[in-house]
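Participant: Take this structure first; my questions come after.
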Amino acid sequence: MAIPPYKAPAHASYDVVIVGGAVIGSSTAYWLSQELGTRMSILVVERDSSYEFSSTALSTSAIRQQYSNPINVKISQFGIEMIRSFPERMAPFFENEPAPDLGFREHGYLYCCSPEGVEAARARVELQRSLGAHTVFLEPGPLKDRFPWLNVEDLGGGSWGAREEGWFDSMGMLNGFRRAARACGVEYVDNAVTGLQVSGGRVVAARLATGETVACGTLIDAAGPRAQQVAAMAGLSIPVAPYKRYSFVFSSATPIPGRMPNVIDLSGTFVRPEGELFLTGNTPLDDGPADYDDFEMHHEEFDERIWPALWHRIPAFDALKVQTSWTGHYEYNMLDHNGIVGFHPAVTNFMFANGFSGHGLQQSPAVGRAVSELIIHGAFRTLDLSPFSYERILRNEPFLEEAVI
């Protein structure tokens with residue numbers, strides 16, 4: 001396929017420059033354009049428009065309401081609303097073809113719980129239900145009755161989200177946001193930001209890898225795992241780094257009957273159906289910051305850690321064969337695993353939308369909307385995401401979330 005010629009930015013100045021055109025950046029562009037149309041000039045700079053190595057494309061594409069913080073539950077609830085309404089919202093931008101259906105598989109999540117963790121698990125379920133979630137806590141007997149293929153001997157029970165949890169099409173969401181934003185006048189360029197010019201406590205311009213300099217009114221850092229690189233260009237720092245995650249798709253000689261949820265084992269290993277196959281992953285033993293371009297696969301992670309955990313929790317998984325695998329990057333917030341959303345207090349037009357630690361895809365609808373509200377109105381209008389503000393980074397005060405995978 002022929003490579004299209006490079007297209008330079010159409011203008012020398014933009015009201016908003018978004019660094020990163022994957023799902024967070026494109027969601028933000030979508031929400032800005034929906035409210036303002038062409039009244040605001042917006043440039044999205046994406047270093048690789050194929051998105052081959054983006055966290056969005058390499059995500060396991062799941063959404064859940066099983067969190068310990070109310071705001072994370074509410075963010076996911078809006079995400080579910082967005083997934084369900086996506087074809088209708090996108091229809092105006094797909095006039096001659098069907099609008100994207102994100103193929104939501106509402107199979108739920110099942111968090112396995114140790115005997116020692118029952119009290120905390122019940123408290124999380126109570127919180128989630130008070131916010132409208134459908135989570136239930138099942139003791140070992142009822143858990144075995146519901147999922148007879150599950151080994152419950154070492155469990156105190158499990159929390160099960162029977163509705164409004166599952167998995168969906170990540171690239172369908174990204175492509176929908178991107179197409180809608182472009183239809184409303186947002187400009188995308190396949191390029192990289194290599195430097196920022198800061199003057200008087202504001203970012204005044206961004207320098208591109210191809211040599212152009214574009215002035216900006218607001219600069220949004222939506223660079224995913226490369227977020228700290230962009231922040232450093234403005235003399236700023238956030239505790240965000242790429243962390244490798246290995247995903248494996250496997251077949252099983254023994255099928256799992258019934259509607260299998262996304263099972264989160266005590267070991268941290270997860271497994272869910274993927275058509276006739278299964279998708280699994282875990283937190284690697286050697287977890288830590290990786291090089292930005294390090295996507296090397298560690299196949300031993302499956303053989304040495306994941307398979308034993310799967311076989312213990314689901315004894316039917318005694319004969320497995322890996323069909324495909326890949327490595328992706330979490331944009332990992334090393335302080336508290338939660339996103340950073342909001343303006344910097346000193347460089348006052350530098351906006352953070354970073355550090356979602358594996359939750360970025362499911363949180364992107366609400367985060368993009370919130371960022372647009374801050375830019376247009378100067379305050380949150382729908383969900384109050386102020387607990388995610390940059391100021392907590394300066395104070396070194398974690399906004400903790402117990403339910404981290």
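As shown in the structure tokens, the chain order sets the letters A, B, ...; within each chain, residues go from 1, and ligands are also counted from 1 in the order they appear.
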As a compact mmCIF listing (two decimals) with C-alpha atoms, in the first residue's frame, please: the residues near stretch 274-277 of chain A (cut-off 8 Å, only C-alpha atoms, same-chain neighbours under 3 positions excluded).
Facilitator:
# COMPACT_ATOMS: atom_id res chain seq x y z
CA VAL A 249 -4.95 -15.92 23.41
CA PHE A 250 -5.21 -19.69 23.92
CA SER A 251 -7.39 -22.65 23.07
CA SER A 252 -8.52 -25.24 25.58
Participant: Can you list every residue in stretch 58-299 of chain A that DSSP puts in alpha helix (DSSP H), as a PyMOL selection string?
Facilitator: chain A and resi 70-90+118-130+140-146+170-183+227-233
Participant: Leaving out stretch 8-13 of chain A and any residue of its chain fewer than 6 positions from it, which residues lie within 7 Å of it when counting only C-alpha atoms, given as an MDAnalysis selection string?
Facilitator: chainID A and resid 189 214:216
Participant: Report, in Å to a single decimal, how far apart atom CA of A:Pro142 and atom CA of A:Arg129 are.
Facilitator: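 Taking atom CA of A:Arg129 and atom CA of A:Pro142, their separation equals 19.1 Å.
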Participant: Which residue is closest to A:Asn333? Choose from A:Arg202, A:Lys144, A:Arg226, A:Arg84 and count only C-alpha atoms.
Facilitator: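 Going through A:Arg202, A:Lys144, A:Arg226, A:Arg84 one by one, the smallest distance to A:Asn333 is for A:Arg226.
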Participant: With distances taken over only C-alpha atoms, which residue among A:His329, A:Gln323, A:Val125, A:Gly368 lies nearest A:Met82?
Facilitator: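 Going through A:His329, A:Gln323, A:Val125, A:Gly368 one by one, the smallest distance to A:Met82 is for A:Gly368.
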Participant: With a cut-off of 12 Å, could you pull out the residues of stretch 222-266 of chain A touching stretch 380-395 of chain A and give me the nearest pair of atoms for each, distance in Å to one decimal, using only C-alpha atoms, ordered by chain and ascending number, as JSON lines?
Facilitator:
{"residue": "A:Ala231", "atom": "CA", "partner": "A:Tyr390", "partner_atom": "CA", "distance": 11.9}
{"residue": "A:Leu236", "atom": "CA", "partner": "A:Leu394", "partner_atom": "CA", "distance": 10.8}
{"residue": "A:Ser237", "atom": "CA", "partner": "A:Ile393", "partner_atom": "CA", "distance": 9.2}
{"residue": "A:Ile238", "atom": "CA", "partner": "A:Ile393", "partner_atom": "CA", "distance": 7.2}
{"residue": "A:Pro239", "atom": "CA", "partner": "A:Ile393", "partner_atom": "CA", "distance": 8.0}
{"residue": "A:Val240", "atom": "CA", "partner": "A:Ile393", "partner_atom": "CA", "distance": 10.8}
Participant: Next, the residues of the selection above should be written as a JSON list (two decimals), in the first residue's frame with C-alpha atoms.
Facilitator:
[["chain", "number", "residue", "atom", "x", "y", "z"],
["A", 231, "ALA", "CA", 5.61, 16.98, 30.31],
["A", 236, "LEU", "CA", 7.23, 19.50, 34.26],
["A", 237, "SER", "CA", 7.19, 16.03, 35.78],
["A", 238, "ILE", "CA", 4.59, 13.32, 36.41],
["A", 239, "PRO", "CA", 5.19, 9.81, 37.82],
["A", 240, "VAL", "CA", 3.99, 8.10, 34.62]]
Participant: Hey, what's within 8 Å of A:Phe343 if we count only C-alpha atoms and toss same-chain stuff fewer than 4 positions away? As an mmCIF file with C-alpha atoms, in the first residue's frame, please?
Facilitator:
data_model
loop_
_atom_site.group_PDB
_atom_site.id
_atom_site.type_symbol
_atom_site.label_atom_id
_atom_site.label_comp_id
_atom_site.auth_asym_id
_atom_site.auth_seq_id
_atom_site.Cartn_x
_atom_site.Cartn_y
_atom_site.Cartn_z
ATOM 1 C CA VAL A 347 2.206 26.368 33.404
ATOM 2 C CA THR A 348 -1.422 27.322 33.342
ATOM 3 C CA ASN A 349 -2.456 26.188 29.844
ATOM 4 C CA PHE A 350 -0.778 22.760 30.061
ATOM 5 C CA MET A 351 -3.483 20.141 30.508
ATOM 6 C CA PHE A 352 -2.778 16.615 31.785
ATOM 7 C CA SER A 389 -5.970 16.843 39.718
ATOM 8 C CA TYR A 390 -2.236 17.382 39.281
#
Participant: If we count only C-alpha atoms, what is near A:Glu164 at a cut-off of 8 Å, once residues fewer than 5 positions away on the same chain are taken out, given as a list in words?
Facilitator: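 So, after excluding close chain neighbours, the residues are Arg64, Gln65, Gln77, Ile80, Glu106, Gly108, Ala133 and His134 of chain A.
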Participant: Within 12 Å of stretch 98-101 of chain A, counting only C-alpha atoms, which residues qualify if same-chain residues fewer than 3 places away don't, as number ranges by chain?
Facilitator: A: 82-95, 104-105, 168-177, 179-180
Participant: Between A:Ala241, A:Pro273, A:Cys112, A:Glu301, single out the one closest to A:Asp286, counting only C-alpha atoms.
Facilitator: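 Of A:Ala241, A:Pro273, A:Cys112, A:Glu301, the one nearest A:Asp286, counting only C-alpha atoms, is A:Glu301.
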Participant: List the neighbours of A:Thr254 out to 10 Å using only C-alpha atoms; skip same-chain residues closer than 2 positions along the sequence, and give me the result as a list in words.
Facilitator: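 Selected residues are Ser251, Ser252, Ile256, Pro257, Pro315, Ala316, Phe317, Asp318, Ala319 and Leu320 of chain A.
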Participant: Residues of stretch 117-321 of chain A classed as strand (DSSP E or B) by DSSP on the backbone are to be reported as number ranges by chain.
Facilitator: A: 135-138, 157-161, 166-167, 187-190, 193-199, 202-208, 213-221, 240-252, 262-264, 270-274, 277-281, 289, 320-321
